[in-house]
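Asks: My questions will all concern the structure given below.
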Amino acid sequence: MPLYRKDLLGIADLSAEEINLILDTAETFRDVNQRRIKKVPTLRGKTIINLFFEASTRTRTSFEIAAKRLSADAINISASTSSVVKGETLVDTALNLQAMAPDAIVIRHSSSGAPHQIARLVDAGIINAGDGAHEHPTQALLDALTIRQQKGRITGLKVAIVGDVLHSRVARSNAHLLSKLGAHVSLAGPRTLLPFGLEKHIPPGEGSVAFADSVEDAMSDADVVMMLRIQLERQSGGYFPSLREYSIHYGLNRRRLSLAKHDVCVLHPGPINRGVEIDSDVADGPFSLILDQVSNGVAVRMAVLYLLAGGD
Amino acid sequence: MSSDLLIRNGRVIDPAQGIDARADLLIRGGRIEAVGENLAAAGVETFDAAGLIAAPGFIDLHVHLREPGFEYKETIESGARSAAAGGFTSVCCMPNTSPVNDNSSVTSFIVERAASAAVRVYPIGAVTQGSKGEHLAEIGEMKSAGIVAISDDGRAVADTNLMRRAMEYARDFGLPVVDHCEDCCAKGGVMHEGEYSALLGLRGMPGAAEDIQVARDVMLAELTGARVHIAHISTARSVEFVRGAKARGLAVTCEVTPHHFTLTDAEVHRSGYDTNTKMAPPLRSQADVDAIIEGLRDGTIDAIATDHAPHHANEKMLEFDRAPFGIIGLETALALALDRLVHGGVISLSRMIELFSTHPARIFNLPGGALAPGSPGDVTIFDPDRAVRIDAASFESKSRNTPFDGWQLKGGPAATIVGGRIVWRREREITEQTKID
């Protein structure tokens, strides 16, 4: 069963069935990644462009490996700046790519909505690899895969997402995904960095999304704690007074983690700021699944590429 | 542009004189001569307005004509044609050109260019030099050259002391002060702050940013006795502040744009980050739109103005957060007002004409706004019921940045008459032909 859509722009558009399809498909690719010969011919003859307007190591490498293990021809384009700085409009960029007839384009962009604007103009499938503060769907999918492997389910879990939710595409995609699959998501962080109103766009169902009154409230009895990276420039933006204070009041340390369930999992989309949003002994500790997330990233991206670009 | 014209068989509505009757309208020497039944004038060109409404010419208090400096977006000539095609006989152009209209030379240049334009063009001068918000511009000299109001539109006058002085000084010249109300807490924002900015990951401009400055301006109006006009009002609280100011008898007026009474911030989401949903002030929440509608109904809002803000297609082809603010509005305003407000049961036709003509003339103290004998022969003729399909490709404006392309609306302009001369009329035959094909 393929995914009946041209693009993967965000989790908000997906149904629970579609999400589960991607996760189940990713499980089969996890097996491929354990083999000695980690390559299948599924996407032979397909062209995939990785178009990264924003610096990324993990996500870009993960997509590239995923494409190559599926035997697709993967081309990386790094435009470290937006189209406008190059003197080309976003529309021109899209039309130029279209002229090269790729089967899928993976886009990372610092502006929210840029993949949506491009998707309207090109025939190729557009995969959003992170757009501004909007969505990062494959990150949420790999997080869900990681949680599902560890806990055996998503439904009914309490998940705390803590930190700079306002600027986090990871938090948005996870809030959509986890609530669609029946988890209860609690968002917490400094009030200056919480996008109130987001919860109004979570359709009522088994799961839920709510803003917690404090980090402690969010973490108490949590099955999963997901810490968000704090961008160092937020301090100069006046969102909080100092990294020191941030770490003391909002960071994840062993004391705060003890509020969660005894078998809690700790996730972080990386790259981590050790000693700021997460202490090293937690990041490297027994509850941390941070490296499993990275491994699962490749499997999830193989699944997405296969489901979107695999059809004839 | 003086001329004679007899407009026959129309329904003449002139709120200033309390006229609403089937009548003829005679213009001689560019001025209204008579309104009455079965007027006869030998040898005078006639316009058959049967089935149509004839109203005092519409006046747009807020447009950007982009000349001098940004002629690739719009010129005084193209903007005036766009105005005529939208049923406007007069427009007031904001000073954020390049150079800024902050001195009498620029004002004179605009006035000179406007002399051959399709409609009357009245320049608005800057409050401060370069609209930088630091030093008062030569307001008196600009007044002598032809400005009708002052504004640093596009930016707020942030310094309260400077705004106070501007209001006091403007009183000496009888000029209203028009403020674009946006406190610095909107800085960096690209859409209304609320549930949709949270969902879309776009930086928000809270409604409070407008409220704070409107509240301040109301207080300064009280302190200085100045005539203060709030540009493009968009929030529920701002409407409340203006309502309160009027109740206290202050000379505070306000205008609303068609997009702010028609669309909400949900449109940014629905359209998938269409940059034609990006403007300042931004599209607001449903609660704000409801309050705007109430303000239109109860008379708190004085005028409909378009904030016609042309941008070249290339400039809007950017990422949402990098695209410029603003949309065009001259050729969609009347259809939106008729469809949403009149057919939507919010206001009467007569009230709509007040918002487009009677009040704007009073607010900026302009000629027109009435069909009394001796008034300028400026008449807007429109069909309140015809089906209109908005087609941006056919606009007279040089720009196409509208979120209303393809909309089906009820009602639209039929002809625009300035000083007794028909400067625009709908090509009825062609339109009907197209319909058959």
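Lettering and numbering for the structure tokens are positional, with chains as A, B, ... in the shown order, residues counted from 1 in each chain, and ligands counted from 1 in the shown order.
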Residues of chain B within 9 Å of chain A, using only C-alpha atoms, as a PyMOL selection string?
Replies: chain B and resi 194-203+272-274+314-322
Asks: Go ahead and save the picked residues with C-alpha atoms, as a PDB file, in the first residue's frame.
Replies:
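part-v3.pdb was written with the following content:
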ATOM      1  CA  GLY B 194      -2.543  33.748  17.725  1.00  0.00           C
ATOM      2  CA  GLU B 195      -3.462  30.152  17.172  1.00  0.00           C
ATOM      3  CA  TYR B 196      -2.531  30.292  13.474  1.00  0.00           C
ATOM      4  CA  SER B 197       0.912  31.802  13.980  1.00  0.00           C
ATOM      5  CA  ALA B 198       1.448  29.093  16.624  1.00  0.00           C
ATOM      6  CA  LEU B 199       0.381  26.404  14.172  1.00  0.00           C
ATOM      7  CA  LEU B 200       2.312  27.748  11.187  1.00  0.00           C
ATOM      8  CA  GLY B 201       5.524  28.558  13.036  1.00  0.00           C
ATOM      9  CA  LEU B 202       5.427  32.174  11.879  1.00  0.00           C
ATOM     10  CA  ARG B 203       6.444  35.075  14.051  1.00  0.00           C
ATOM     11  CA  GLY B 272      -0.656  27.432   2.349  1.00  0.00           C
ATOM     12  CA  TYR B 273       1.538  30.440   3.171  1.00  0.00           C
ATOM     13  CA  ASP B 274       0.372  32.538   0.208  1.00  0.00           C
ATOM     14  CA  ASN B 314       8.870  38.885  -8.118  1.00  0.00           C
ATOM     15  CA  GLU B 315       8.802  40.448  -4.684  1.00  0.00           C
ATOM     16  CA  LYS B 316       5.884  38.323  -3.582  1.00  0.00           C
ATOM     17  CA  MET B 317       7.507  35.137  -4.973  1.00  0.00           C
ATOM     18  CA  LEU B 318       9.617  34.858  -1.859  1.00  0.00           C
ATOM     19  CA  GLU B 319       9.428  32.917   1.360  1.00  0.00           C
ATOM     20  CA  PHE B 320       6.527  34.132   3.502  1.00  0.00           C
ATOM     21  CA  ASP B 321       8.743  35.720   6.129  1.00  0.00           C
ATOM     22  CA  ARG B 322      10.844  37.493   3.490  1.00  0.00           C
TER      23      ARG B 322
END
Asks: Would you kindly return, as a ChimeraX atom specification, each protein, DNA or RNA residue with an atom no farther than 9 Å from any atom of Ala266 in chain B, considering only C-alpha atoms and excluding same-chain residues fewer than 5 positions away?
Replies: /B:195-196,271,283-286
Asks: Go ahead and write the residues just picked, C-alpha atoms, as an mmCIF file, in the first residue's frame.
Replies:
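Saved file part-v1.cif follows:
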data_model
loop_
_atom_site.group_PDB
_atom_site.id
_atom_site.type_symbol
_atom_site.label_atom_id
_atom_site.label_comp_id
_atom_site.auth_asym_id
_atom_site.auth_seq_id
_atom_site.Cartn_x
_atom_site.Cartn_y
_atom_site.Cartn_z
ATOM 1 C CA GLU B 195 -3.462 30.152 17.172
ATOM 2 C CA TYR B 196 -2.531 30.292 13.474
ATOM 3 C CA SER B 271 -3.802 29.355 1.420
ATOM 4 C CA LEU B 283 -5.230 39.637 8.985
ATOM 5 C CA ARG B 284 -6.649 39.255 12.475
ATOM 6 C CA SER B 285 -8.742 36.740 14.397
ATOM 7 C CA GLN B 286 -12.434 36.063 13.846
#
Asks: What's the 8 Å shell around range 96-113 of chain B, counting only C-alpha atoms, without same-chain residues fewer than 3 positions away, as a compact mmCIF listing (two decimals) with C-alpha atoms, in the first residue's frame?
Replies:
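The new file part.txt reads:
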# COMPACT_ATOMS: atom_id res chain seq x y z
CA HIS B 64 0.38 53.75 -2.18
CA ARG B 66 4.84 54.16 -5.48
CA GLU B 67 5.93 57.14 -7.58
CA PRO B 68 8.53 58.53 -7.27
CA GLY B 69 10.97 55.71 -6.75
CA PHE B 70 9.15 52.44 -7.22
CA ILE B 76 0.60 57.75 -10.36
CA GLU B 77 -0.83 57.18 -13.85
CA SER B 116 -2.93 64.30 -16.10
CA ALA B 117 -4.07 61.28 -14.08
CA VAL B 121 -4.77 62.49 -6.49
CA TYR B 122 -4.12 64.16 -3.14
CA PRO B 123 -0.71 63.68 -1.55
CA ILE B 124 -0.25 62.93 2.12
CA GLY B 125 2.96 64.34 3.56
CA ALA B 126 5.34 62.65 5.99
CA VAL B 127 5.13 63.52 9.68
CA THR B 128 8.88 63.31 10.08
CA GLN B 129 11.86 63.77 7.81
CA GLY B 130 12.37 60.58 5.85
CA SER B 131 9.56 59.10 7.97
CA ALA B 137 9.07 67.39 8.31
CA GLU B 138 8.25 70.83 6.84
CA ILE B 139 4.54 70.29 7.22
CA GLU B 141 5.48 74.02 3.27
CA MET B 142 4.00 70.72 2.13
CA LYS B 143 0.54 72.02 2.95
CA SER B 144 1.17 74.99 0.69
CA ALA B 145 2.23 72.57 -2.04
CA GLY B 146 -0.94 70.49 -1.70
CA ILE B 147 -0.86 67.85 1.02
CA ASP B 152 4.50 58.18 8.43
CA ASP B 153 2.41 55.25 7.17
CA GLY B 154 4.23 51.96 6.94
Asks: Residues within 12 Å of Ala166 in chain B, please, as a compact mmCIF listing (two decimals) with N, CA, C and O atoms, in the first residue's frame. Count only C-alpha atoms; anything in the same chain fewer than 3 positions from it doesn't count.
Replies:
# COMPACT_ATOMS: atom_id res chain seq x y z
N ALA B 126 4.77 63.38 4.85
CA ALA B 126 5.34 62.65 5.99
C ALA B 126 5.22 63.49 7.26
O ALA B 126 5.22 64.73 7.21
N VAL B 127 5.11 62.83 8.39
CA VAL B 127 5.13 63.52 9.68
C VAL B 127 6.55 63.95 9.98
O VAL B 127 6.81 65.07 10.42
N THR B 128 7.49 63.03 9.73
CA THR B 128 8.88 63.31 10.08
C THR B 128 9.77 63.17 8.85
O THR B 128 9.40 62.51 7.87
N GLN B 129 10.91 63.80 8.93
CA GLN B 129 11.86 63.77 7.81
C GLN B 129 12.25 62.33 7.51
O GLN B 129 12.70 61.60 8.40
N GLY B 133 10.97 59.20 12.01
CA GLY B 133 10.50 59.34 13.39
C GLY B 133 11.42 60.14 14.28
O GLY B 133 11.40 59.96 15.51
N GLU B 134 12.23 61.04 13.67
CA GLU B 134 13.17 61.81 14.49
C GLU B 134 12.87 63.30 14.53
O GLU B 134 12.79 63.90 15.60
N HIS B 135 12.76 63.92 13.34
CA HIS B 135 12.52 65.36 13.28
C HIS B 135 11.29 65.63 12.43
O HIS B 135 11.10 64.99 11.40
N LEU B 136 10.49 66.62 12.84
CA LEU B 136 9.30 66.97 12.06
C LEU B 136 9.69 67.38 10.64
O LEU B 136 10.70 68.07 10.44
N ALA B 137 8.89 66.94 9.69
CA ALA B 137 9.07 67.39 8.31
C ALA B 137 8.50 68.80 8.18
O ALA B 137 7.81 69.28 9.09
N GLU B 138 8.77 69.47 7.06
CA GLU B 138 8.25 70.83 6.84
C GLU B 138 6.78 70.75 6.43
O GLU B 138 6.44 70.85 5.24
N ILE B 139 5.96 70.56 7.43
CA ILE B 139 4.54 70.29 7.22
C ILE B 139 3.82 71.49 6.60
O ILE B 139 3.02 71.35 5.67
N GLY B 140 4.16 72.67 7.05
CA GLY B 140 3.53 73.88 6.52
C GLY B 140 3.84 74.08 5.04
O GLY B 140 2.95 74.42 4.25
N ALA B 149 -3.04 65.73 4.44
CA ALA B 149 -2.91 65.09 5.76
C ALA B 149 -1.45 64.76 5.95
O ALA B 149 -0.65 64.90 5.01
N ILE B 150 -1.07 64.35 7.16
CA ILE B 150 0.31 63.88 7.37
C ILE B 150 0.28 62.49 7.98
O ILE B 150 -0.63 62.14 8.75
N SER B 151 1.29 61.70 7.60
CA SER B 151 1.40 60.32 8.09
C SER B 151 2.79 59.79 7.82
O SER B 151 3.40 60.15 6.82
N ASP B 152 3.28 58.94 8.71
CA ASP B 152 4.50 58.18 8.43
C ASP B 152 4.12 56.75 8.09
O ASP B 152 4.81 55.80 8.45
N VAL B 157 4.74 56.26 14.39
CA VAL B 157 5.55 57.30 15.04
C VAL B 157 5.70 56.82 16.49
O VAL B 157 4.78 56.93 17.30
N ASP B 159 7.89 57.64 18.94
CA ASP B 159 8.22 58.59 20.00
C ASP B 159 6.98 59.41 20.37
O ASP B 159 6.48 60.21 19.58
N THR B 160 6.49 59.20 21.56
CA THR B 160 5.23 59.84 21.98
C THR B 160 5.36 61.36 22.02
O THR B 160 4.44 62.08 21.64
N ASN B 161 6.50 61.83 22.45
CA ASN B 161 6.70 63.28 22.53
C ASN B 161 6.65 63.90 21.13
O ASN B 161 6.01 64.93 20.90
N LEU B 162 7.31 63.23 20.18
CA LEU B 162 7.33 63.72 18.81
C LEU B 162 5.91 63.70 18.23
O LEU B 162 5.49 64.64 17.54
N MET B 163 5.16 62.67 18.53
CA MET B 163 3.80 62.57 18.02
C MET B 163 2.94 63.68 18.59
O MET B 163 2.12 64.28 17.89
N TYR B 169 1.35 70.78 16.04
CA TYR B 169 1.80 71.58 14.90
C TYR B 169 0.82 71.45 13.74
O TYR B 169 0.48 72.45 13.08
N ALA B 170 0.34 70.21 13.50
CA ALA B 170 -0.59 69.98 12.38
C ALA B 170 -1.87 70.79 12.55
O ALA B 170 -2.51 71.18 11.57
N ARG B 171 -2.26 71.04 13.79
CA ARG B 171 -3.49 71.83 14.04
C ARG B 171 -3.40 73.21 13.44
O ARG B 171 -4.38 73.75 12.94
N ASP B 172 -2.17 73.80 13.48
CA ASP B 172 -1.98 75.14 12.92
C ASP B 172 -2.31 75.17 11.43
O ASP B 172 -2.64 76.22 10.88
N PHE B 173 -2.16 74.02 10.79
CA PHE B 173 -2.38 73.97 9.34
C PHE B 173 -3.66 73.23 8.98
O PHE B 173 -3.91 72.94 7.81
N GLY B 174 -4.44 72.89 10.00
CA GLY B 174 -5.73 72.24 9.76
C GLY B 174 -5.60 70.86 9.15
O GLY B 174 -6.48 70.42 8.42
N LEU B 175 -4.49 70.20 9.43
CA LEU B 175 -4.27 68.89 8.82
C LEU B 175 -4.54 67.76 9.80
O LEU B 175 -4.08 67.81 10.95
N PRO B 176 -5.25 66.73 9.38
CA PRO B 176 -5.37 65.55 10.24
C PRO B 176 -4.06 64.76 10.28
O PRO B 176 -3.29 64.77 9.32
N VAL B 177 -3.84 64.11 11.41
CA VAL B 177 -2.65 63.26 11.56
C VAL B 177 -3.12 61.80 11.44
O VAL B 177 -4.00 61.37 12.18
N VAL B 178 -2.53 61.09 10.48
CA VAL B 178 -2.93 59.71 10.23
C VAL B 178 -1.85 58.80 10.79
O VAL B 178 -0.68 58.92 10.43
N ASP B 179 -2.23 57.89 11.68
CA ASP B 179 -1.19 57.04 12.27
C ASP B 179 -1.38 55.58 11.91
O ASP B 179 -2.48 55.04 11.94
N ASP B 217 -2.67 57.27 20.95
CA ASP B 217 -3.07 58.35 20.04
C ASP B 217 -4.38 59.00 20.48
O ASP B 217 -4.56 60.21 20.31
N LEU B 220 -3.42 61.29 23.19
CA LEU B 220 -2.76 62.48 22.64
C LEU B 220 -3.76 63.39 21.93
O LEU B 220 -3.62 64.62 21.97
N ALA B 221 -4.76 62.79 21.31
CA ALA B 221 -5.80 63.61 20.66
C ALA B 221 -6.52 64.44 21.72
O ALA B 221 -6.85 65.61 21.49
N THR B 224 -4.06 67.23 22.88
CA THR B 224 -3.68 68.27 21.91
C THR B 224 -4.87 68.88 21.18
O THR B 224 -4.72 69.93 20.55
N GLY B 225 -6.01 68.20 21.21
CA GLY B 225 -7.15 68.69 20.44
C GLY B 225 -7.00 68.48 18.94
O GLY B 225 -7.74 69.05 18.15
N ALA B 226 -6.03 67.66 18.56
CA ALA B 226 -5.76 67.46 17.14
C ALA B 226 -6.79 66.53 16.51
O ALA B 226 -7.48 65.79 17.21
N ARG B 227 -6.88 66.59 15.19
CA ARG B 227 -7.68 65.63 14.44
C ARG B 227 -6.81 64.42 14.15
O ARG B 227 -5.81 64.51 13.43
N VAL B 228 -7.18 63.31 14.72
CA VAL B 228 -6.38 62.09 14.57
C VAL B 228 -7.20 61.05 13.81
O VAL B 228 -8.35 60.79 14.15
Asks: Which residues are near range 18-25 of chain A? Cut-off 9 Å, only C-alpha atoms, ignore same chain within fewer than 3 positions. Put them as a PyMOL selection string.
Replies: chain A and resi 1-4+11+14-15+28-30+141-142+144-145+177+180-181+299-300+302-304+306-307
Asks: Please produce a file of those selected residues containing N, CA and C atoms, as a PDB file, in the first residue's frame.
Replies:
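Output saved as again-v6.pdb:
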ATOM      1  N   MET A   1       0.851  -1.204   0.000  1.00  0.00           N
ATOM      2  CA  MET A   1       0.000   0.000   0.000  1.00  0.00           C
ATOM      3  C   MET A   1       0.877   1.240   0.000  1.00  0.00           C
ATOM      4  N   PRO A   2       0.733   2.059  -1.045  1.00  0.00           N
ATOM      5  CA  PRO A   2       1.538   3.289  -1.068  1.00  0.00           C
ATOM      6  C   PRO A   2       0.874   4.384  -0.240  1.00  0.00           C
ATOM      7  N   LEU A   3       1.591   5.485  -0.107  1.00  0.00           N
ATOM      8  CA  LEU A   3       1.027   6.656   0.554  1.00  0.00           C
ATOM      9  C   LEU A   3       0.375   7.471  -0.563  1.00  0.00           C
ATOM     10  N   TYR A   4      -0.913   7.691  -0.466  1.00  0.00           N
ATOM     11  CA  TYR A   4      -1.592   8.366  -1.574  1.00  0.00           C
ATOM     12  C   TYR A   4      -1.446   9.869  -1.466  1.00  0.00           C
ATOM     13  N   ILE A  11       3.181  16.711   9.560  1.00  0.00           N
ATOM     14  CA  ILE A  11       2.400  15.665  10.213  1.00  0.00           C
ATOM     15  C   ILE A  11       0.935  16.096  10.336  1.00  0.00           C
ATOM     16  N   LEU A  14      -1.392  14.423   8.004  1.00  0.00           N
ATOM     17  CA  LEU A  14      -1.456  12.959   7.936  1.00  0.00           C
ATOM     18  C   LEU A  14      -2.520  12.393   8.868  1.00  0.00           C
ATOM     19  N   SER A  15      -3.069  11.250   8.464  1.00  0.00           N
ATOM     20  CA  SER A  15      -3.982  10.514   9.340  1.00  0.00           C
ATOM     21  C   SER A  15      -3.158   9.548  10.188  1.00  0.00           C
ATOM     22  N   THR A  28      10.584  -2.428   8.545  1.00  0.00           N
ATOM     23  CA  THR A  28      11.172  -3.377   7.598  1.00  0.00           C
ATOM     24  C   THR A  28      12.522  -2.866   7.104  1.00  0.00           C
ATOM     25  N   PHE A  29      12.647  -1.549   6.991  1.00  0.00           N
ATOM     26  CA  PHE A  29      13.936  -1.013   6.541  1.00  0.00           C
ATOM     27  C   PHE A  29      14.990  -1.059   7.646  1.00  0.00           C
ATOM     28  N   ARG A  30      14.554  -1.089   8.876  1.00  0.00           N
ATOM     29  CA  ARG A  30      15.505  -1.260   9.971  1.00  0.00           C
ATOM     30  C   ARG A  30      16.269  -2.567   9.802  1.00  0.00           C
ATOM     31  N   LEU A 141       8.549  11.351  13.086  1.00  0.00           N
ATOM     32  CA  LEU A 141       8.343   9.936  12.750  1.00  0.00           C
ATOM     33  C   LEU A 141       9.432   9.068  13.370  1.00  0.00           C
ATOM     34  N   LEU A 142      10.671   9.549  13.335  1.00  0.00           N
ATOM     35  CA  LEU A 142      11.741   8.733  13.918  1.00  0.00           C
ATOM     36  C   LEU A 142      11.642   8.740  15.441  1.00  0.00           C
ATOM     37  N   ALA A 144       8.784   8.798  17.034  1.00  0.00           N
ATOM     38  CA  ALA A 144       7.694   7.868  17.316  1.00  0.00           C
ATOM     39  C   ALA A 144       8.164   6.420  17.172  1.00  0.00           C
ATOM     40  N   LEU A 145       8.978   6.174  16.155  1.00  0.00           N
ATOM     41  CA  LEU A 145       9.501   4.823  15.959  1.00  0.00           C
ATOM     42  C   LEU A 145      10.337   4.415  17.167  1.00  0.00           C
ATOM     43  N   LEU A 177       1.862  14.449  15.828  1.00  0.00           N
ATOM     44  CA  LEU A 177       1.966  13.007  15.637  1.00  0.00           C
ATOM     45  C   LEU A 177       1.565  12.232  16.892  1.00  0.00           C
ATOM     46  N   LYS A 180      -2.115  12.333  17.603  1.00  0.00           N
ATOM     47  CA  LYS A 180      -2.883  11.526  16.636  1.00  0.00           C
ATOM     48  C   LYS A 180      -2.821  10.043  16.983  1.00  0.00           C
ATOM     49  N   LEU A 181      -1.679   9.623  17.551  1.00  0.00           N
ATOM     50  CA  LEU A 181      -1.540   8.206  17.906  1.00  0.00           C
ATOM     51  C   LEU A 181      -1.965   7.938  19.348  1.00  0.00           C
ATOM     52  N   ALA A 299      16.046   4.664   8.810  1.00  0.00           N
ATOM     53  CA  ALA A 299      14.954   3.748   8.452  1.00  0.00           C
ATOM     54  C   ALA A 299      13.680   4.517   8.105  1.00  0.00           C
ATOM     55  N   VAL A 300      13.385   5.544   8.895  1.00  0.00           N
ATOM     56  CA  VAL A 300      12.174   6.339   8.643  1.00  0.00           C
ATOM     57  C   VAL A 300      12.278   7.058   7.301  1.00  0.00           C
ATOM     58  N   MET A 302      14.094   6.151   4.732  1.00  0.00           N
ATOM     59  CA  MET A 302      13.959   5.156   3.663  1.00  0.00           C
ATOM     60  C   MET A 302      12.475   4.873   3.422  1.00  0.00           C
ATOM     61  N   ALA A 303      11.717   4.751   4.510  1.00  0.00           N
ATOM     62  CA  ALA A 303      10.286   4.460   4.382  1.00  0.00           C
ATOM     63  C   ALA A 303       9.565   5.589   3.654  1.00  0.00           C
ATOM     64  N   VAL A 304       9.881   6.820   4.024  1.00  0.00           N
ATOM     65  CA  VAL A 304       9.203   7.970   3.404  1.00  0.00           C
ATOM     66  C   VAL A 304       9.557   8.060   1.917  1.00  0.00           C
ATOM     67  N   TYR A 306      10.592   5.673  -0.013  1.00  0.00           N
ATOM     68  CA  TYR A 306       9.995   4.518  -0.692  1.00  0.00           C
ATOM     69  C   TYR A 306       8.502   4.745  -0.943  1.00  0.00           C
ATOM     70  N   LEU A 307       7.814   5.223   0.072  1.00  0.00           N
ATOM     71  CA  LEU A 307       6.356   5.381  -0.050  1.00  0.00           C
ATOM     72  C   LEU A 307       5.974   6.528  -0.980  1.00  0.00           C
TER      73      LEU A 307
END
Asks: May I ask which of the residues A:Ser242, A:Thr138, A:Ser214, A:Gln149 is the closest one to Arg108 in chain A, counting only C-alpha atoms?
Replies: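 Among the listed residues, A:Thr138 lies closest to Arg108 in chain A.
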Asks: Per DSSP on the backbone, filter range 145-339 of chain B down to the residues in strand (DSSP E) and report them as number ranges by chain.
Replies: B: 150-151, 177-179, 191-192, 204-205, 228-230, 252-256, 303-304
Asks: One decimal, Å: what's the distance from CA of Arg164 in chain B over to CA of Asp183 in chain B, could you say?
Replies: 15.9 Å
Asks: Write out as a PyMOL selection string which residues come within 12 Å of Arg28 in chain B when counting only C-alpha atoms, dropping same-chain ones fewer than 4 positions away.
Replies: chain B and resi 1-7+32-35+41-46+373-378+418-421
Asks: Generate a file of the selected residues that holds N, CA and C atoms, formatted as a CSV table (one decimal), in the first residue's frame.
Replies:
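Just written: part26.csv:
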chain,number,residue,atom,x,y,z
B,1,MET,N,-10.0,69.1,-16.6
B,1,MET,CA,-10.8,68.0,-17.1
B,1,MET,C,-12.3,68.4,-16.9
B,2,SER,N,-12.7,69.6,-17.2
B,2,SER,CA,-14.1,70.0,-17.1
B,2,SER,C,-14.9,69.5,-18.2
B,3,SER,N,-16.1,69.2,-17.9
B,3,SER,CA,-17.0,68.7,-19.0
B,3,SER,C,-18.5,68.7,-18.5
B,4,ASP,N,-19.3,68.5,-19.5
B,4,ASP,CA,-20.8,68.5,-19.2
B,4,ASP,C,-21.3,67.0,-19.4
B,5,LEU,N,-22.2,66.6,-18.6
B,5,LEU,CA,-22.7,65.3,-18.7
B,5,LEU,C,-24.1,65.2,-18.0
B,6,LEU,N,-25.0,64.4,-18.6
B,6,LEU,CA,-26.3,64.2,-18.0
B,6,LEU,C,-26.4,62.7,-17.7
B,7,ILE,N,-26.5,62.4,-16.4
B,7,ILE,CA,-26.6,61.0,-16.0
B,7,ILE,C,-28.1,60.7,-15.8
B,32,ILE,N,-21.5,69.8,-10.3
B,32,ILE,CA,-22.9,69.4,-10.2
B,32,ILE,C,-23.8,70.6,-10.4
B,33,GLU,N,-24.7,70.5,-11.4
B,33,GLU,CA,-25.6,71.7,-11.5
B,33,GLU,C,-27.0,71.4,-10.9
B,34,ALA,N,-27.5,70.1,-11.1
B,34,ALA,CA,-28.8,69.8,-10.6
B,34,ALA,C,-29.0,68.3,-10.5
B,35,VAL,N,-29.8,68.0,-9.5
B,35,VAL,CA,-30.3,66.6,-9.3
B,35,VAL,C,-31.8,66.7,-9.4
B,41,ALA,N,-31.1,68.7,-21.1
B,41,ALA,CA,-30.0,69.6,-21.4
B,41,ALA,C,-29.6,69.3,-22.8
B,42,ALA,N,-29.9,70.2,-23.7
B,42,ALA,CA,-29.7,70.0,-25.1
B,42,ALA,C,-28.2,70.0,-25.4
B,43,GLY,N,-27.8,69.0,-26.2
B,43,GLY,CA,-26.4,68.9,-26.7
B,43,GLY,C,-25.4,68.4,-25.7
B,44,VAL,N,-25.9,67.9,-24.5
B,44,VAL,CA,-25.0,67.4,-23.5
B,44,VAL,C,-25.0,65.9,-23.6
B,45,GLU,N,-23.8,65.4,-23.5
B,45,GLU,CA,-23.6,63.9,-23.5
B,45,GLU,C,-24.4,63.3,-22.4
B,46,THR,N,-25.0,62.2,-22.7
B,46,THR,CA,-25.8,61.5,-21.7
B,46,THR,C,-25.3,60.1,-21.3
B,373,PRO,N,-25.5,71.0,-5.7
B,373,PRO,CA,-25.1,72.0,-6.7
B,373,PRO,C,-23.8,72.7,-6.4
B,374,GLY,N,-22.9,72.8,-7.3
B,374,GLY,CA,-21.6,73.4,-7.1
B,374,GLY,C,-20.5,72.5,-6.6
B,375,SER,N,-20.9,71.3,-6.2
B,375,SER,CA,-19.9,70.3,-5.8
B,375,SER,C,-19.1,69.8,-7.1
B,376,PRO,N,-17.9,69.3,-6.9
B,376,PRO,CA,-17.3,68.7,-8.1
B,376,PRO,C,-18.1,67.6,-8.8
B,377,GLY,N,-18.1,67.6,-10.1
B,377,GLY,CA,-18.9,66.6,-10.8
B,377,GLY,C,-18.3,65.3,-10.8
B,378,ASP,N,-18.0,64.7,-9.6
B,378,ASP,CA,-17.4,63.4,-9.4
B,378,ASP,C,-18.5,62.4,-9.0
B,418,VAL,N,-15.2,61.8,-13.3
B,418,VAL,CA,-14.5,62.8,-12.6
B,418,VAL,C,-14.6,64.2,-13.3
B,419,GLY,N,-15.1,65.1,-12.6
B,419,GLY,CA,-15.3,66.5,-13.2
B,419,GLY,C,-16.2,66.4,-14.4
B,420,GLY,N,-17.2,65.5,-14.4
B,420,GLY,CA,-18.1,65.4,-15.5
B,420,GLY,C,-17.6,64.6,-16.7
B,421,ARG,N,-16.4,64.1,-16.6
B,421,ARG,CA,-15.8,63.3,-17.7
B,421,ARG,C,-15.8,61.8,-17.3
Asks: Out of A:Asp284, A:Asp213, A:Glu206, A:Asp143, which residue has the shortest atom-to-atom distance to Pro269 in chain A when counting only C-alpha atoms?
Replies: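 Looking only at the distances to Pro269 in chain A, the closest residue turns out to be A:Asp143.
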Asks: If you measure from CA of Lys68 in chain A to CA of Leu8 in chain A, what distance in Å do you get, rounded to one decimal?
Replies: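 Here the two named atoms are 19.5 Å from each other.
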Asks: Hey, what does DSSP flag as helix (DSSP H, G or I) within range 54-157 of chain A? Can you give it to me as a ChimeraX atom specification?
Replies: /A:58-69,83-86,90-99,114-119,137-151
